[in-house]
Amino acid sequence: MCNYVKESPSHSYFHGSRVMIGSTLVYLIDHENEAILLAMKKRGFGAGKVNGPGGKRNKEESFRDCAVRECVEETGLTPLDLVEMGVVTFIFPGKREWDQECHVFVGTKWEGTMQETNEMLPQWFPLHSLPFSQMWDDDPLWLPRVVHEKLPVRREFHFDINNSMRVLLHINNDP
């Protein structure tokens with residue numbers, strides 16, 4: 001493993017010899033109703049999976065700005081108080097163009113009206129009953145630390161070479 005990532009001049013990153021896509025995930029938490037906003041991806045990378053809203057960072061855009069933009073585009077909600085909770089790196093040996101350095105954000109305040117989009121079907125789930133069977137294989141290994149324990153993460157996941165989305169290697173570098 002390398003000393004982690006360094007920024008390139010574009011929106012991509014280098015992780016050792018791998019070029020990484022800079023991306024974000026957002027988890028909005030409604031403490032009053034003990035719920036978390038997740039969304040089912042309707043098309044593209046991760047179609048059929050439930051996840052937090054998020055996506056690729058544009059050139060010259062901060063990760064926080066990317067997180068807000070993606071949340072608005074995918075759910076109609078504008079987060080107002082995002083806190084960065086860490087970085088999760090995803091390595092896909094069979095599809096290097098999927099490799100990502102993903103910055104994870106949590107928020108508890110937002111404005112707007114939730115709406116379905118062409119890309120995502122957002123909905124509130126019980127905070128203490130996350131739908132892990134519908135999510136990525138890595139999510140149960142780190143998401144509870146962020147949303148329940150309110151602790152930062154720094155994880156790396158290597159998925160199988162056939163890209164069946166099964167985790168082969170999990171490296172925990174949590175602070």
# chains A, B, ... in the order shown; residues from 1 in each chain; ligands from 1
call {"tool": "closest_atom_pairs", "arguments": {"of": "segment 28-75 of chain A", "to": "segment 88-108 of chain A", "cutoff": "7 Å", "atoms": "only C-alpha atoms", "output": "JSON lines"}}
result
{"residue": "A:Leu28", "atom": "CA", "partner": "A:Gly107", "partner_atom": "CA", "distance": 4.8}
{"residue": "A:Ile29", "atom": "CA", "partner": "A:Thr108", "partner_atom": "CA", "distance": 5.1}
{"residue": "A:Asp30", "atom": "CA", "partner": "A:Thr108", "partner_atom": "CA", "distance": 6.0}
{"residue": "A:Phe63", "atom": "CA", "partner": "A:His103", "partner_atom": "CA", "distance": 6.9}
call {"tool": "residues_around", "arguments": {"residues": "Arg43 of chain A", "least_positions_apart": "3", "cutoff": "12 Å", "atoms": "only C-alpha atoms", "output": "tab-separated table (two decimals) with N, CA and C atoms, in the first residue's frame"}}
result
chain	number	residue	atom	x	y	z
A	39	ALA	N	-30.60	6.54	-1.40
A	39	ALA	CA	-31.27	6.55	-2.69
A	39	ALA	C	-30.87	5.34	-3.50
A	40	MET	N	-31.83	4.80	-4.26
A	40	MET	CA	-31.55	3.69	-5.15
A	40	MET	C	-31.09	4.26	-6.48
A	46	GLY	N	-23.24	1.37	-10.37
A	46	GLY	CA	-23.97	1.06	-9.14
A	46	GLY	C	-25.47	0.96	-9.30
A	47	ALA	N	-25.97	0.86	-10.54
A	47	ALA	CA	-27.42	0.77	-10.75
A	47	ALA	C	-28.01	-0.39	-9.95
A	48	GLY	N	-29.14	-0.11	-9.29
A	48	GLY	CA	-29.81	-1.12	-8.47
A	48	GLY	C	-29.38	-1.11	-7.01
A	49	LYS	N	-28.30	-0.45	-6.70
A	49	LYS	CA	-27.79	-0.38	-5.32
A	49	LYS	C	-28.39	0.83	-4.61
A	50	VAL	N	-28.54	0.69	-3.30
A	50	VAL	CA	-28.95	1.80	-2.44
A	50	VAL	C	-27.70	2.39	-1.82
A	74	GLU	N	-29.41	14.91	-7.23
A	74	GLU	CA	-29.94	13.55	-7.11
A	74	GLU	C	-31.15	13.43	-6.18
A	117	THR	N	-35.25	11.63	-9.26
A	117	THR	CA	-34.59	12.17	-10.45
A	117	THR	C	-34.39	11.04	-11.46
A	118	ASN	N	-33.84	11.39	-12.63
A	118	ASN	CA	-33.55	10.36	-13.63
A	118	ASN	C	-32.52	9.35	-13.13
A	119	GLU	N	-31.68	9.78	-12.19
A	119	GLU	CA	-30.58	8.93	-11.73
A	119	GLU	C	-30.86	8.22	-10.40
A	120	MET	N	-31.65	8.86	-9.52
A	120	MET	CA	-31.80	8.32	-8.17
A	120	MET	C	-33.25	8.36	-7.70
A	121	LEU	N	-33.60	7.37	-6.86
A	121	LEU	CA	-34.88	7.34	-6.18
A	121	LEU	C	-34.60	7.47	-4.68
call {"tool": "atom_distance", "arguments": {"atom1": "atom CA of Trp124 of chain A", "atom2": "atom CA of Asp139 of chain A"}}
result
16.9 Å
call {"tool": "atom_distance", "arguments": {"atom1": "atom CA of Pro152 of chain A", "atom2": "atom CA of Cys66 of chain A"}}
result
19.2 Å
call {"tool": "select_by_dssp", "arguments": {"residues": "chain A", "states": "strand (DSSP E)", "output": "number ranges by chain"}}
result
A: 5-7, 12-15, 18-30, 35-41, 50-51, 77-79, 83-91, 100-107, 110-112, 120-126, 153-159, 167-172
call {"tool": "residues_around", "arguments": {"residues": "Glu111 of chain A", "least_positions_apart": "6", "cutoff": "10 Å", "atoms": "only C-alpha atoms", "output": "JSON, numbers by chain"}}
result
{"A": [72, 76, 77, 78, 79, 80]}
call {"tool": "write_last_selection", "arguments": {"atoms": "all heavy atoms", "output": "mmCIF file, in the first residue's frame"}}
result
data_model
loop_
_atom_site.group_PDB
_atom_site.id
_atom_site.type_symbol
_atom_site.label_atom_id
_atom_site.label_comp_id
_atom_site.auth_asym_id
_atom_site.auth_seq_id
_atom_site.Cartn_x
_atom_site.Cartn_y
_atom_site.Cartn_z
ATOM 1 N N VAL A 72 -28.118 17.875 -4.346
ATOM 2 C CA VAL A 72 -29.198 18.661 -4.959
ATOM 3 C C VAL A 72 -29.650 17.988 -6.259
ATOM 4 O O VAL A 72 -30.852 17.796 -6.489
ATOM 5 C CB VAL A 72 -28.754 20.113 -5.231
ATOM 6 C CG1 VAL A 72 -29.780 20.850 -6.073
ATOM 7 C CG2 VAL A 72 -28.499 20.848 -3.930
ATOM 8 N N GLY A 76 -32.915 16.695 -4.776
ATOM 9 C CA GLY A 76 -33.657 17.932 -4.619
ATOM 10 C C GLY A 76 -33.384 18.643 -3.313
ATOM 11 O O GLY A 76 -33.863 19.755 -3.094
ATOM 12 N N LEU A 77 -32.622 18.033 -2.409
ATOM 13 C CA LEU A 77 -32.323 18.619 -1.106
ATOM 14 C C LEU A 77 -30.942 19.273 -1.106
ATOM 15 O O LEU A 77 -29.986 18.707 -1.636
ATOM 16 C CB LEU A 77 -32.382 17.558 -0.006
ATOM 17 C CG LEU A 77 -33.724 16.861 0.166
ATOM 18 C CD1 LEU A 77 -33.642 15.785 1.232
ATOM 19 C CD2 LEU A 77 -34.824 17.863 0.477
ATOM 20 N N THR A 78 -30.830 20.452 -0.496
ATOM 21 C CA THR A 78 -29.565 21.171 -0.374
ATOM 22 C C THR A 78 -29.048 21.039 1.048
ATOM 23 O O THR A 78 -29.639 21.595 1.978
ATOM 24 C CB THR A 78 -29.755 22.669 -0.700
ATOM 25 O OG1 THR A 78 -30.310 22.793 -2.011
ATOM 26 C CG2 THR A 78 -28.439 23.417 -0.619
ATOM 27 N N PRO A 79 -27.962 20.299 1.258
ATOM 28 C CA PRO A 79 -27.393 20.183 2.603
ATOM 29 C C PRO A 79 -26.832 21.535 3.055
ATOM 30 O O PRO A 79 -26.233 22.254 2.262
ATOM 31 C CB PRO A 79 -26.263 19.167 2.443
ATOM 32 C CG PRO A 79 -26.425 18.563 1.106
ATOM 33 C CD PRO A 79 -27.231 19.503 0.280
ATOM 34 N N LEU A 80 -27.034 21.858 4.346
ATOM 35 C CA LEU A 80 -26.605 23.151 4.875
ATOM 36 C C LEU A 80 -25.453 23.050 5.865
ATOM 37 O O LEU A 80 -24.832 24.070 6.178
ATOM 38 C CB LEU A 80 -27.798 23.845 5.554
ATOM 39 C CG LEU A 80 -29.016 24.075 4.680
ATOM 40 C CD1 LEU A 80 -30.160 24.641 5.510
ATOM 41 C CD2 LEU A 80 -28.674 24.976 3.506
#
call {"tool": "select_by_dssp", "arguments": {"residues": "segment 29-106 of chain A", "states": "alpha helix (DSSP H)", "output": "number ranges by chain"}}
result
A: 63-75
call {"tool": "closest_residue", "arguments": {"among": "A:Glu84, A:Glu70, A:Asp174, A:Glu60", "to": "Arg154 of chain A", "atoms": "only C-alpha atoms"}}
result
A:Asp174
call {"tool": "residues_around", "arguments": {"residues": "Ser23 of chain A", "least_positions_apart": "2", "cutoff": "6 Å", "atoms": "only C-alpha atoms", "output": "ChimeraX atom specification"}}
result
/A:55-57,102
call {"tool": "residues_around", "arguments": {"residues": "Pro140 of chain A", "least_positions_apart": "6", "cutoff": "10 Å", "atoms": "only C-alpha atoms", "output": "PyMOL selection string"}}
result
chain A and resi 130-133
call {"tool": "atom_distance", "arguments": {"atom1": "atom CA of Asn51 of chain A", "atom2": "atom CA of Ala35 of chain A"}}
result
13.9 Å
call {"tool": "closest_residue", "arguments": {"among": "A:Pro122, A:Gly112, A:Gly54, A:Gly44", "to": "Thr75 of chain A", "atoms": "only C-alpha atoms"}}
result
A:Pro122
